[in-house]
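Student: run_22.pdb (PDB, C-alpha atoms) pasted underneath:
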ATOM      1  CA  MET A 260     110.998  62.647 153.905  1.00  0.00           C
ATOM      2  CA  ALA A 261     109.238  65.590 155.487  1.00  0.00           C
ATOM      3  CA  ASN A 262     106.333  66.390 157.738  1.00  0.00           C
ATOM      4  CA  SER A 263     102.988  66.309 155.957  1.00  0.00           C
ATOM      5  CA  GLN A 264      99.731  67.822 157.086  1.00  0.00           C
ATOM      6  CA  ALA A 265      97.000  65.285 157.811  1.00  0.00           C
ATOM      7  CA  ILE A 266      94.290  64.163 160.166  1.00  0.00           C
ATOM      8  CA  CYS A 267      95.876  61.014 161.519  1.00  0.00           C
ATOM      9  CA  THR A 268      94.319  57.849 160.125  1.00  0.00           C
ATOM     10  CA  SER A 269      94.315  56.247 163.542  1.00  0.00           C
ATOM     11  CA  PHE A 270      92.304  59.181 164.891  1.00  0.00           C
ATOM     12  CA  LYS A 271      89.533  58.530 162.381  1.00  0.00           C
ATOM     13  CA  ALA A 272      89.051  55.004 163.647  1.00  0.00           C
ATOM     14  CA  GLU A 273      89.517  55.996 167.263  1.00  0.00           C
ATOM     15  CA  LEU A 274      86.721  58.542 166.917  1.00  0.00           C
ATOM     16  CA  MET A 275      84.353  55.750 165.986  1.00  0.00           C
ATOM     17  CA  ILE A 276      85.188  53.672 169.035  1.00  0.00           C
ATOM     18  CA  GLY A 277      85.079  56.583 171.431  1.00  0.00           C
ATOM     19  CA  ASN A 278      88.764  56.846 172.279  1.00  0.00           C
ATOM     20  CA  HIS A 279      88.674  60.618 172.092  1.00  0.00           C
ATOM     21  CA  GLN A 280      86.366  62.945 173.955  1.00  0.00           C
ATOM     22  CA  LEU A 281      87.135  66.532 173.006  1.00  0.00           C
ATOM     23  CA  GLY A 282      83.915  67.870 174.481  1.00  0.00           C
ATOM     24  CA  ALA A 283      81.716  66.944 177.426  1.00  0.00           C
ATOM     25  CA  ALA A 284      78.784  64.719 176.496  1.00  0.00           C
ATOM     26  CA  THR A 285      76.486  62.522 178.520  1.00  0.00           C
ATOM     27  CA  ILE A 286      76.396  59.007 177.115  1.00  0.00           C
ATOM     28  CA  SER A 287      73.461  57.224 178.694  1.00  0.00           C
ATOM     29  CA  SER A 288      74.528  53.785 177.572  1.00  0.00           C
ATOM     30  CA  ARG A 289      77.760  54.074 179.537  1.00  0.00           C
ATOM     31  CA  THR A 290      76.912  54.589 183.167  1.00  0.00           C
ATOM     32  CA  SER A 291      80.540  55.325 184.026  1.00  0.00           C
ATOM     33  CA  LEU A 292      80.435  58.306 181.705  1.00  0.00           C
ATOM     34  CA  THR A 293      77.267  59.966 182.923  1.00  0.00           C
ATOM     35  CA  ALA A 294      79.306  62.865 184.258  1.00  0.00           C
ATOM     36  CA  PRO A 295      82.145  62.992 181.758  1.00  0.00           C
ATOM     37  CA  THR A 296      85.042  65.348 181.655  1.00  0.00           C
ATOM     38  CA  LYS A 297      86.903  66.469 178.587  1.00  0.00           C
ATOM     39  CA  ASP A 298      90.140  64.850 177.583  1.00  0.00           C
ATOM     40  CA  SER A 299      93.239  67.022 177.657  1.00  0.00           C
ATOM     41  CA  VAL A 300      94.925  67.967 174.412  1.00  0.00           C
ATOM     42  CA  LYS A 301      98.566  68.932 174.037  1.00  0.00           C
ATOM     43  CA  ALA A 302     100.644  70.388 171.213  1.00  0.00           C
ATOM     44  CA  ALA A 303     104.227  69.445 170.382  1.00  0.00           C
ATOM     45  CA  LEU A 304     106.497  70.981 167.750  1.00  0.00           C
ATOM     46  CA  TYR A 305     108.537  68.961 165.262  1.00  0.00           C
ATOM     47  CA  LEU A 306     111.673  69.606 163.261  1.00  0.00           C
ATOM     48  CA  VAL A 307     111.626  70.045 159.517  1.00  0.00           C
ATOM     49  CA  SER A 308     113.605  66.799 159.347  1.00  0.00           C
ATOM     50  CA  ALA A 309     110.874  64.794 161.119  1.00  0.00           C
ATOM     51  CA  THR A 310     108.366  62.611 159.321  1.00  0.00           C
ATOM     52  CA  TYR A 311     105.043  63.061 161.072  1.00  0.00           C
ATOM     53  CA  GLY A 312     101.779  62.856 159.152  1.00  0.00           C
ATOM     54  CA  ALA A 313      98.802  60.620 158.480  1.00  0.00           C
ATOM     55  CA  ALA A 314     100.612  57.525 159.731  1.00  0.00           C
ATOM     56  CA  THR A 315     101.349  59.073 163.124  1.00  0.00           C
ATOM     57  CA  THR A 316      99.451  57.255 165.859  1.00  0.00           C
ATOM     58  CA  ALA A 317     100.728  58.892 169.044  1.00  0.00           C
ATOM     59  CA  TYR A 318     103.026  61.543 170.440  1.00  0.00           C
ATOM     60  CA  SER A 319     106.725  60.720 170.273  1.00  0.00           C
ATOM     61  CA  ALA A 320     109.789  62.675 171.312  1.00  0.00           C
ATOM     62  CA  THR A 321     111.590  61.537 168.164  1.00  0.00           C
ATOM     63  CA  GLY A 322     112.101  64.541 165.923  1.00  0.00           C
ATOM     64  CA  GLU A 323     110.589  66.909 168.492  1.00  0.00           C
ATOM     65  CA  VAL A 324     112.179  70.318 168.899  1.00  0.00           C
ATOM     66  CA  SER A 325     114.394  70.992 171.893  1.00  0.00           C
ATOM     67  CA  GLY A 326     115.818  74.135 173.344  1.00  0.00           C
ATOM     68  CA  THR A 327     115.701  76.667 176.147  1.00  0.00           C
ATOM     69  CA  ASN A 328     112.370  76.621 178.043  1.00  0.00           C
ATOM     70  CA  TYR A 329     110.797  74.002 175.755  1.00  0.00           C
ATOM     71  CA  SER A 330     109.545  70.945 177.604  1.00  0.00           C
ATOM     72  CA  ALA A 331     109.274  67.614 175.803  1.00  0.00           C
ATOM     73  CA  GLY A 332     105.625  66.936 175.077  1.00  0.00           C
ATOM     74  CA  GLY A 333     104.860  70.557 174.364  1.00  0.00           C
ATOM     75  CA  VAL A 334     102.124  72.657 175.927  1.00  0.00           C
ATOM     76  CA  ALA A 335      98.506  72.229 176.942  1.00  0.00           C
ATOM     77  CA  VAL A 336      95.908  73.242 174.384  1.00  0.00           C
ATOM     78  CA  THR A 337      92.965  75.335 175.531  1.00  0.00           C
ATOM     79  CA  ASN A 338      89.754  73.535 174.688  1.00  0.00           C
ATOM     80  CA  ALA A 339      86.793  75.564 175.905  1.00  0.00           C
ATOM     81  CA  THR A 340      84.610  75.037 172.861  1.00  0.00           C
ATOM     82  CA  ASP A 341      83.086  71.622 172.246  1.00  0.00           C
ATOM     83  CA  PRO A 342      82.983  70.090 168.774  1.00  0.00           C
ATOM     84  CA  THR A 343      79.889  71.090 166.855  1.00  0.00           C
ATOM     85  CA  THR A 344      78.327  70.761 163.431  1.00  0.00           C
ATOM     86  CA  SER A 345      77.118  72.895 160.576  1.00  0.00           C
ATOM     87  CA  GLY A 346      75.344  71.289 157.667  1.00  0.00           C
ATOM     88  CA  THR A 347      76.931  67.888 157.209  1.00  0.00           C
ATOM     89  CA  THR A 348      80.276  68.938 158.669  1.00  0.00           C
ATOM     90  CA  GLY A 349      81.446  68.288 162.196  1.00  0.00           C
ATOM     91  CA  TYR A 350      84.280  70.489 163.352  1.00  0.00           C
ATOM     92  CA  TRP A 351      86.492  71.481 166.265  1.00  0.00           C
ATOM     93  CA  THR A 352      89.211  74.020 166.872  1.00  0.00           C
ATOM     94  CA  PRO A 353      91.204  74.806 170.016  1.00  0.00           C
ATOM     95  CA  SER A 354      89.637  77.853 171.634  1.00  0.00           C
ATOM     96  CA  ALA A 355      92.860  79.816 172.083  1.00  0.00           C
ATOM     97  CA  SER A 356      96.203  80.275 170.392  1.00  0.00           C
ATOM     98  CA  ILE A 357      98.930  77.744 171.170  1.00  0.00           C
ATOM     99  CA  VAL A 358     101.805  79.669 172.759  1.00  0.00           C
ATOM    100  CA  PHE A 359     105.382  78.673 173.553  1.00  0.00           C
ATOM    101  CA  THR A 360     106.720  81.496 175.718  1.00  0.00           C
ATOM    102  CA  THR A 361     110.333  82.733 175.813  1.00  0.00           C
ATOM    103  CA  VAL A 362     111.872  79.747 174.093  1.00  0.00           C
ATOM    104  CA  THR A 363     114.925  79.276 171.941  1.00  0.00           C
ATOM    105  CA  LEU A 364     114.399  76.734 169.171  1.00  0.00           C
ATOM    106  CA  SER A 365     117.461  77.013 166.962  1.00  0.00           C
ATOM    107  CA  THR A 366     116.785  74.098 164.622  1.00  0.00           C
ATOM    108  CA  ALA A 367     114.090  74.769 162.043  1.00  0.00           C
ATOM    109  CA  PHE A 368     110.648  73.336 162.755  1.00  0.00           C
ATOM    110  CA  ASP A 369     107.512  73.298 160.618  1.00  0.00           C
ATOM    111  CA  ALA A 370     104.867  71.136 162.245  1.00  0.00           C
ATOM    112  CA  VAL A 371     102.716  70.838 165.345  1.00  0.00           C
ATOM    113  CA  LEU A 372     101.179  67.576 166.519  1.00  0.00           C
ATOM    114  CA  LEU A 373      97.947  67.802 168.485  1.00  0.00           C
ATOM    115  CA  TYR A 374      97.457  64.757 170.650  1.00  0.00           C
ATOM    116  CA  ASN A 375      95.167  63.463 173.378  1.00  0.00           C
ATOM    117  CA  SER A 376      97.228  63.370 176.559  1.00  0.00           C
ATOM    118  CA  SER A 377      94.325  61.782 178.467  1.00  0.00           C
ATOM    119  CA  GLN A 378      94.200  58.791 176.133  1.00  0.00           C
ATOM    120  CA  SER A 379      97.717  57.414 175.937  1.00  0.00           C
ATOM    121  CA  ASN A 380      98.917  60.409 173.901  1.00  0.00           C
ATOM    122  CA  LYS A 381      96.957  59.295 170.867  1.00  0.00           C
ATOM    123  CA  ALA A 382      97.500  61.502 167.830  1.00  0.00           C
ATOM    124  CA  ILE A 383      94.794  63.839 166.540  1.00  0.00           C
ATOM    125  CA  GLY A 384      96.443  65.669 163.676  1.00  0.00           C
ATOM    126  CA  VAL A 385      99.634  67.104 162.257  1.00  0.00           C
ATOM    127  CA  PHE A 386      99.497  70.682 161.035  1.00  0.00           C
ATOM    128  CA  THR A 387     102.301  72.262 159.053  1.00  0.00           C
ATOM    129  CA  PHE A 388     103.405  75.854 158.508  1.00  0.00           C
ATOM    130  CA  GLY A 389     106.381  77.670 157.059  1.00  0.00           C
ATOM    131  CA  SER A 390     109.746  76.671 158.531  1.00  0.00           C
ATOM    132  CA  GLN A 391     110.625  78.713 161.644  1.00  0.00           C
ATOM    133  CA  THR A 392     113.229  79.244 164.329  1.00  0.00           C
ATOM    134  CA  VAL A 393     112.796  81.203 167.565  1.00  0.00           C
ATOM    135  CA  THR A 394     115.450  82.985 169.633  1.00  0.00           C
ATOM    136  CA  ALA A 395     114.615  84.013 173.209  1.00  0.00           C
ATOM    137  CA  GLY A 396     111.137  84.724 171.915  1.00  0.00           C
ATOM    138  CA  THR A 397     107.581  83.515 171.776  1.00  0.00           C
ATOM    139  CA  PHE A 398     106.104  81.216 169.168  1.00  0.00           C
ATOM    140  CA  THR A 399     102.386  81.756 168.771  1.00  0.00           C
ATOM    141  CA  LEU A 400     100.134  79.603 166.627  1.00  0.00           C
ATOM    142  CA  THR A 401      96.766  81.262 166.136  1.00  0.00           C
ATOM    143  CA  MET A 402      93.913  79.024 165.131  1.00  0.00           C
ATOM    144  CA  PRO A 403      91.753  79.424 162.037  1.00  0.00           C
ATOM    145  CA  THR A 404      88.118  80.480 162.318  1.00  0.00           C
ATOM    146  CA  ASN A 405      86.119  77.759 164.009  1.00  0.00           C
ATOM    147  CA  ASP A 406      83.518  77.078 161.346  1.00  0.00           C
ATOM    148  CA  ALA A 407      82.635  74.373 158.864  1.00  0.00           C
ATOM    149  CA  SER A 408      84.924  75.839 156.211  1.00  0.00           C
ATOM    150  CA  ASN A 409      88.019  76.696 158.206  1.00  0.00           C
ATOM    151  CA  ALA A 410      88.150  74.789 161.511  1.00  0.00           C
ATOM    152  CA  LEU A 411      91.287  72.897 162.400  1.00  0.00           C
ATOM    153  CA  VAL A 412      89.563  69.493 162.465  1.00  0.00           C
ATOM    154  CA  ARG A 413      86.650  68.968 160.105  1.00  0.00           C
ATOM    155  CA  ILE A 414      84.811  65.777 159.272  1.00  0.00           C
ATOM    156  CA  ALA A 415      82.444  66.118 156.364  1.00  0.00           C
TER
ATOM    157  CA  MET B  77     109.932  98.073 176.677  1.00  0.00           C
ATOM    158  CA  GLU B  78     112.261  95.260 177.653  1.00  0.00           C
ATOM    159  CA  ILE B  79     113.000  92.509 175.168  1.00  0.00           C
ATOM    160  CA  SER B  80     114.221  89.032 176.040  1.00  0.00           C
ATOM    161  CA  VAL B  81     117.502  88.338 174.273  1.00  0.00           C
ATOM    162  CA  GLN B  82     120.061  85.565 174.054  1.00  0.00           C
ATOM    163  CA  ARG B  83     123.479  86.964 173.152  1.00  0.00           C
ATOM    164  CA  ASP B  84     125.104  83.548 172.664  1.00  0.00           C
ATOM    165  CA  VAL B  85     123.706  80.335 171.218  1.00  0.00           C
ATOM    166  CA  ASP B  86     123.543  78.524 174.544  1.00  0.00           C
ATOM    167  CA  GLY B  87     123.751  81.564 176.774  1.00  0.00           C
ATOM    168  CA  PRO B  88     121.222  82.754 179.332  1.00  0.00           C
ATOM    169  CA  ILE B  89     118.146  84.714 178.358  1.00  0.00           C
ATOM    170  CA  GLU B  90     118.297  88.277 179.653  1.00  0.00           C
ATOM    171  CA  PHE B  91     116.216  91.398 179.220  1.00  0.00           C
ATOM    172  CA  VAL B  92     117.382  94.514 177.358  1.00  0.00           C
ATOM    173  CA  ASP B  93     115.664  97.854 176.693  1.00  0.00           C
ATOM    174  CA  ASP B  94     114.426  97.830 173.111  1.00  0.00           C
ATOM    175  CA  ALA B  95     115.963 101.280 172.594  1.00  0.00           C
ATOM    176  CA  LEU B  96     119.332  99.541 172.514  1.00  0.00           C
ATOM    177  CA  LEU B  97     118.305  97.140 169.764  1.00  0.00           C
ATOM    178  CA  VAL B  98     117.584  97.211 166.046  1.00  0.00           C
ATOM    179  CA  ARG B  99     114.133  95.848 165.197  1.00  0.00           C
ATOM    180  CA  ASN B 100     113.239  94.041 161.978  1.00  0.00           C
ATOM    181  CA  GLU B 101     109.777  92.742 161.125  1.00  0.00           C
ATOM    182  CA  ILE B 102     109.223  90.142 158.433  1.00  0.00           C
ATOM    183  CA  VAL B 103     105.698  89.462 157.203  1.00  0.00           C
ATOM    184  CA  SER B 104     104.788  86.654 154.854  1.00  0.00           C
ATOM    185  CA  GLU B 105     101.352  85.557 153.785  1.00  0.00           C
ATOM    186  CA  ASN B 106      99.780  82.960 151.571  1.00  0.00           C
ATOM    187  CA  GLU B 107      96.318  81.464 151.332  1.00  0.00           C
ATOM    188  CA  ASP B 108      96.965  79.122 154.268  1.00  0.00           C
ATOM    189  CA  GLU B 109      98.770  81.270 156.821  1.00  0.00           C
ATOM    190  CA  ARG B 110      99.977  84.739 157.742  1.00  0.00           C
ATOM    191  CA  THR B 111     103.302  84.857 159.561  1.00  0.00           C
ATOM    192  CA  VAL B 112     104.892  87.795 161.355  1.00  0.00           C
ATOM    193  CA  ALA B 113     108.453  87.389 162.634  1.00  0.00           C
ATOM    194  CA  VAL B 114     109.954  90.111 164.819  1.00  0.00           C
ATOM    195  CA  GLU B 115     113.733  90.085 165.128  1.00  0.00           C
ATOM    196  CA  TYR B 116     116.100  92.157 167.249  1.00  0.00           C
ATOM    197  CA  SER B 117     119.864  92.538 167.032  1.00  0.00           C
ATOM    198  CA  PHE B 118     122.417  94.874 168.550  1.00  0.00           C
ATOM    199  CA  PRO B 119     123.506  97.760 166.274  1.00  0.00           C
ATOM    200  CA  GLY B 120     126.479  96.725 164.179  1.00  0.00           C
ATOM    201  CA  HIS B 121     126.116  93.061 165.046  1.00  0.00           C
ATOM    202  CA  PRO B 122     124.452  90.692 162.594  1.00  0.00           C
ATOM    203  CA  ARG B 123     123.522  88.049 165.177  1.00  0.00           C
ATOM    204  CA  ILE B 124     119.808  87.950 165.913  1.00  0.00           C
ATOM    205  CA  VAL B 125     119.416  87.939 169.689  1.00  0.00           C
ATOM    206  CA  HIS B 126     115.617  87.772 169.716  1.00  0.00           C
ATOM    207  CA  ARG B 127     113.176  86.253 167.262  1.00  0.00           C
ATOM    208  CA  SER B 128     109.489  85.828 167.976  1.00  0.00           C
ATOM    209  CA  VAL B 129     107.109  84.303 165.455  1.00  0.00           C
ATOM    210  CA  HIS B 130     103.335  84.526 165.193  1.00  0.00           C
ATOM    211  CA  VAL B 131     101.765  82.119 162.716  1.00  0.00           C
ATOM    212  CA  HIS B 132      98.074  82.620 162.047  1.00  0.00           C
ATOM    213  CA  LEU B 133      96.600  79.546 160.428  1.00  0.00           C
ATOM    214  CA  LYS B 134      93.925  80.897 158.122  1.00  0.00           C
ATOM    215  CA  ARG B 135      92.642  77.599 156.817  1.00  0.00           C
ATOM    216  CA  ILE B 136      93.680  74.026 156.379  1.00  0.00           C
ATOM    217  CA  SER B 137      94.858  73.018 152.934  1.00  0.00           C
ATOM    218  CA  ASP B 138      92.762  71.373 150.258  1.00  0.00           C
ATOM    219  CA  GLU B 139      94.798  68.235 150.754  1.00  0.00           C
ATOM    220  CA  MET B 140      93.475  67.974 154.287  1.00  0.00           C
ATOM    221  CA  LYS B 141      89.910  68.605 153.130  1.00  0.00           C
ATOM    222  CA  SER B 142      90.049  65.830 150.571  1.00  0.00           C
ATOM    223  CA  VAL B 143      91.299  63.362 153.149  1.00  0.00           C
ATOM    224  CA  LEU B 144      88.413  64.204 155.419  1.00  0.00           C
ATOM    225  CA  GLY B 145      85.969  64.124 152.558  1.00  0.00           C
ATOM    226  CA  ALA B 146      86.852  60.519 151.935  1.00  0.00           C
ATOM    227  CA  ILE B 147      85.267  59.454 155.203  1.00  0.00           C
ATOM    228  CA  GLY B 148      82.142  61.600 154.719  1.00  0.00           C
TER
END
How does this structure look as structure tokens?
Tutor:
Amino acid sequence: MANSQAICTSFKAELMIGNHQLGAATISSRTSLTAPTKDSVKAALYLVSATYGAATTAYSATGEVSGTNYSAGGVAVTNATDPTTSGTTGYWTPSASIVFTTVTLSTAFDAVLLYNSSQSNKAIGVFTFGSQTVTAGTFTLTMPTNDASNALVRIA
Amino acid sequence: MEISVQRDVDGPIEFVDDALLVRNEIVSENEDERTVAVEYSFPGHPRIVHRSVHVHLKRISDEMKSVLGAIG
């Protein structure tokens, strides 16, 4: 088994029942949400040997990287840009690179899980890249262009 | 410029002037990502004491697009 890139199936259903709120929106039918705040998103790294993908429903420490200066659960994701649409596509991308500073991750990793730390760590998506290790260095994951063709999360 | 290094696998991270180190940059690119890895080692020693990686996700794969398309 290996990690596989996917928008998590659970996330698709959770979107429809309002479990995730990646941008601020006033929902008039829910008086408790008339002044909403955004949920917080985090990013965790996973080993090549892990098996995260479409079936992932929430963050788990199983298969997560470990090493100097890496904290279980990963790092906060900067989310300054609300989801938006273009044509028939809705899309969202973190507004800044995801950075793990001065870490040592000696066992190869190839996936990052984005998850909603405000909503019981529910999974958003697993994104894969070429296998990497880091030694006393910084791992930076720069996001794709936030548009209908390239954004990290797109629903068409 | 000082570079953070780890001389031993589980040793402490310390800072060393980059003039004392050998720098190696590895660039790989495909349609999905561009990756730049910068490695440092001490002259005459093969062990990499610093490795930083910058992965630029250029786009999400067609496999991801098709999954999303199924709910459109």
Student: Near chain B, meaning an atom within 6 Å, which residues of chain A appear when counting only C-alpha atoms? Write them as a compact mmCIF listing (two decimals) with C-alpha atoms, in the frame of the given file.
Tutor:
# COMPACT_ATOMS: atom_id res chain seq x y z
CA ALA A 265 97.00 65.28 157.81
CA VAL A 393 112.80 81.20 167.56
CA THR A 394 115.45 82.98 169.63
CA ALA A 395 114.62 84.01 173.21
CA GLY A 396 111.14 84.72 171.92
CA THR A 397 107.58 83.52 171.78
CA PHE A 398 106.10 81.22 169.17
CA THR A 399 102.39 81.76 168.77
CA LEU A 400 100.13 79.60 166.63
CA THR A 401 96.77 81.26 166.14
CA MET A 402 93.91 79.02 165.13
CA PRO A 403 91.75 79.42 162.04
CA ASN A 409 88.02 76.70 158.21
CA ILE A 414 84.81 65.78 159.27
CA ALA A 415 82.44 66.12 156.36
Student: Nearest to B:Ile102 among A:Thr327, A:Asp406, A:Lys297, A:Gln391, with distances taken over only C-alpha atoms: which residue is it?
Tutor: A:Gln391
Student: Which residues match the PyMOL selection byres ((chain A and resi 380) around 12) in the file above, as an mmCIF file with C-alpha atoms, in the coordinates of the input?
Tutor:
data_model
loop_
_atom_site.group_PDB
_atom_site.id
_atom_site.type_symbol
_atom_site.label_atom_id
_atom_site.label_comp_id
_atom_site.auth_asym_id
_atom_site.auth_seq_id
_atom_site.Cartn_x
_atom_site.Cartn_y
_atom_site.Cartn_z
ATOM 1 C CA PHE A 270 92.304 59.181 164.891
ATOM 2 C CA ASN A 278 88.764 56.846 172.279
ATOM 3 C CA HIS A 279 88.674 60.618 172.092
ATOM 4 C CA ASP A 298 90.140 64.850 177.583
ATOM 5 C CA SER A 299 93.239 67.022 177.657
ATOM 6 C CA VAL A 300 94.925 67.967 174.412
ATOM 7 C CA LYS A 301 98.566 68.932 174.037
ATOM 8 C CA ALA A 302 100.644 70.388 171.213
ATOM 9 C CA ALA A 303 104.227 69.445 170.382
ATOM 10 C CA THR A 315 101.349 59.073 163.124
ATOM 11 C CA THR A 316 99.451 57.255 165.859
ATOM 12 C CA ALA A 317 100.728 58.892 169.044
ATOM 13 C CA TYR A 318 103.026 61.543 170.440
ATOM 14 C CA SER A 319 106.725 60.720 170.273
ATOM 15 C CA ALA A 320 109.789 62.675 171.312
ATOM 16 C CA GLY A 332 105.625 66.936 175.077
ATOM 17 C CA GLY A 333 104.860 70.557 174.364
ATOM 18 C CA LEU A 372 101.179 67.576 166.519
ATOM 19 C CA LEU A 373 97.947 67.802 168.485
ATOM 20 C CA TYR A 374 97.457 64.757 170.650
ATOM 21 C CA ASN A 375 95.167 63.463 173.378
ATOM 22 C CA SER A 376 97.228 63.370 176.559
ATOM 23 C CA SER A 377 94.325 61.782 178.467
ATOM 24 C CA GLN A 378 94.200 58.791 176.133
ATOM 25 C CA SER A 379 97.717 57.414 175.937
ATOM 26 C CA LYS A 381 96.957 59.295 170.867
ATOM 27 C CA ALA A 382 97.500 61.502 167.830
ATOM 28 C CA ILE A 383 94.794 63.839 166.540
ATOM 29 C CA GLY A 384 96.443 65.669 163.676
#
Student: Hey, could you pull the box centre and edge lengths for stretch 77-86 of chain B, axis-aligned, 6 Å padding per side, all listed atoms, to one decimal in Å, as JSON?
Tutor:
{"center_x": 117.5, "center_y": 88.3, "center_z": 174.4, "size_x": 27.2, "size_y": 31.5, "size_z": 18.4}
Student: Can you measure atom CA of A:Phe368 to atom CA of A:Asn262 for me? One decimal in Å is fine.
Tutor: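 Separation between atom CA of A:Phe368 and atom CA of A:Asn262: 9.6 Å.
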Student: How many Å lie between atom CA of A:Asn405 and atom CA of A:Phe386, rounded to one decimal?
Tutor: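 Result for atom CA of A:Asn405 versus atom CA of A:Phe386: 15.4 Å, one decimal.
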Student: Can you measure atom CA of A:Thr296 to atom CA of A:Ala314 for me? One decimal in Å is fine.
Tutor: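 A separation of 28.0 Å between them.
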Student: So that I can see what lies close to A:Thr352, please list as a list in words the residues with an atom at most 8 Å from it, counting all atoms listed in the file and leaving out residues fewer than 6 positions away in the same chain.
Tutor: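 The contact residues come out as Asn338, Thr340, Pro342, Met402, Pro403, Thr404, Asn405, Ala410, Leu411 and Val412 of chain A.
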Student: Please produce an output containing C-alpha atoms for each residue in the selection, written as a PDB file, in the coordinates of the input.
Tutor:
ATOM      1  CA  ASN A 338      89.754  73.535 174.688  1.00  0.00           C
ATOM      2  CA  THR A 340      84.610  75.037 172.861  1.00  0.00           C
ATOM      3  CA  PRO A 342      82.983  70.090 168.774  1.00  0.00           C
ATOM      4  CA  MET A 402      93.913  79.024 165.131  1.00  0.00           C
ATOM      5  CA  PRO A 403      91.753  79.424 162.037  1.00  0.00           C
ATOM      6  CA  THR A 404      88.118  80.480 162.318  1.00  0.00           C
ATOM      7  CA  ASN A 405      86.119  77.759 164.009  1.00  0.00           C
ATOM      8  CA  ALA A 410      88.150  74.789 161.511  1.00  0.00           C
ATOM      9  CA  LEU A 411      91.287  72.897 162.400  1.00  0.00           C
ATOM     10  CA  VAL A 412      89.563  69.493 162.465  1.00  0.00           C
TER      11      VAL A 412
END
Student: Evaluate the PyMOL selection byres ((chain A and resi 366) around 7) and record the selected residues as JSON, numbers by chain, following the chain and residue labels used in the document.
Tutor: {"A": [306, 364, 365, 367, 368, 392]}
Student: Between A:Glu323, A:Asn328, A:Tyr350, A:Val334, which one has atoms that come closest to A:Tyr311, using only C-alpha atoms?
Tutor: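 When distances to A:Tyr311 are compared using only C-alpha atoms, the smallest one comes from A:Glu323.
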Student: Near B:Ala95, counting only C-alpha atoms, which residues have an atom at most 12 Å away, once you skip same-chain residues fewer than 3 positions from it, shown as a ChimeraX atom specification?
Tutor: /B:77-79,91-92,98-99,116-119
Student: Considering only C-alpha atoms, can you say which of A:Arg413, A:Ser330, A:Gly389, A:Ala370 comes closest to B:Asn106?
Tutor: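 Comparing A:Arg413, A:Ser330, A:Gly389, A:Ala370 against B:Asn106, the winner is A:Gly389.
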Student: Place a sphere of radius 8 Å on (78.7, 72.2, 154.8) in the file coordinates and name every protein, DNA or RNA residue with an atom inside or on its surface, counting all atoms listed in the file; give the answer as a list in words.
Tutor: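 Those within range, by chain then number, are Ser345, Gly346, Thr347, Thr348, Ala407, Ser408 and Ala415 of chain A.
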Student: Limited to C-alpha atoms, could you put the picked residues into a file as a PDB file, in the coordinates of the input?
Tutor:
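Below you can see part-v5.pdb, which holds the result:
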ATOM      1  CA  SER A 345      77.118  72.895 160.576  1.00  0.00           C
ATOM      2  CA  GLY A 346      75.344  71.289 157.667  1.00  0.00           C
ATOM      3  CA  THR A 347      76.931  67.888 157.209  1.00  0.00           C
ATOM      4  CA  THR A 348      80.276  68.938 158.669  1.00  0.00           C
ATOM      5  CA  ALA A 407      82.635  74.373 158.864  1.00  0.00           C
ATOM      6  CA  SER A 408      84.924  75.839 156.211  1.00  0.00           C
ATOM      7  CA  ALA A 415      82.444  66.118 156.364  1.00  0.00           C
TER       8      ALA A 415
END
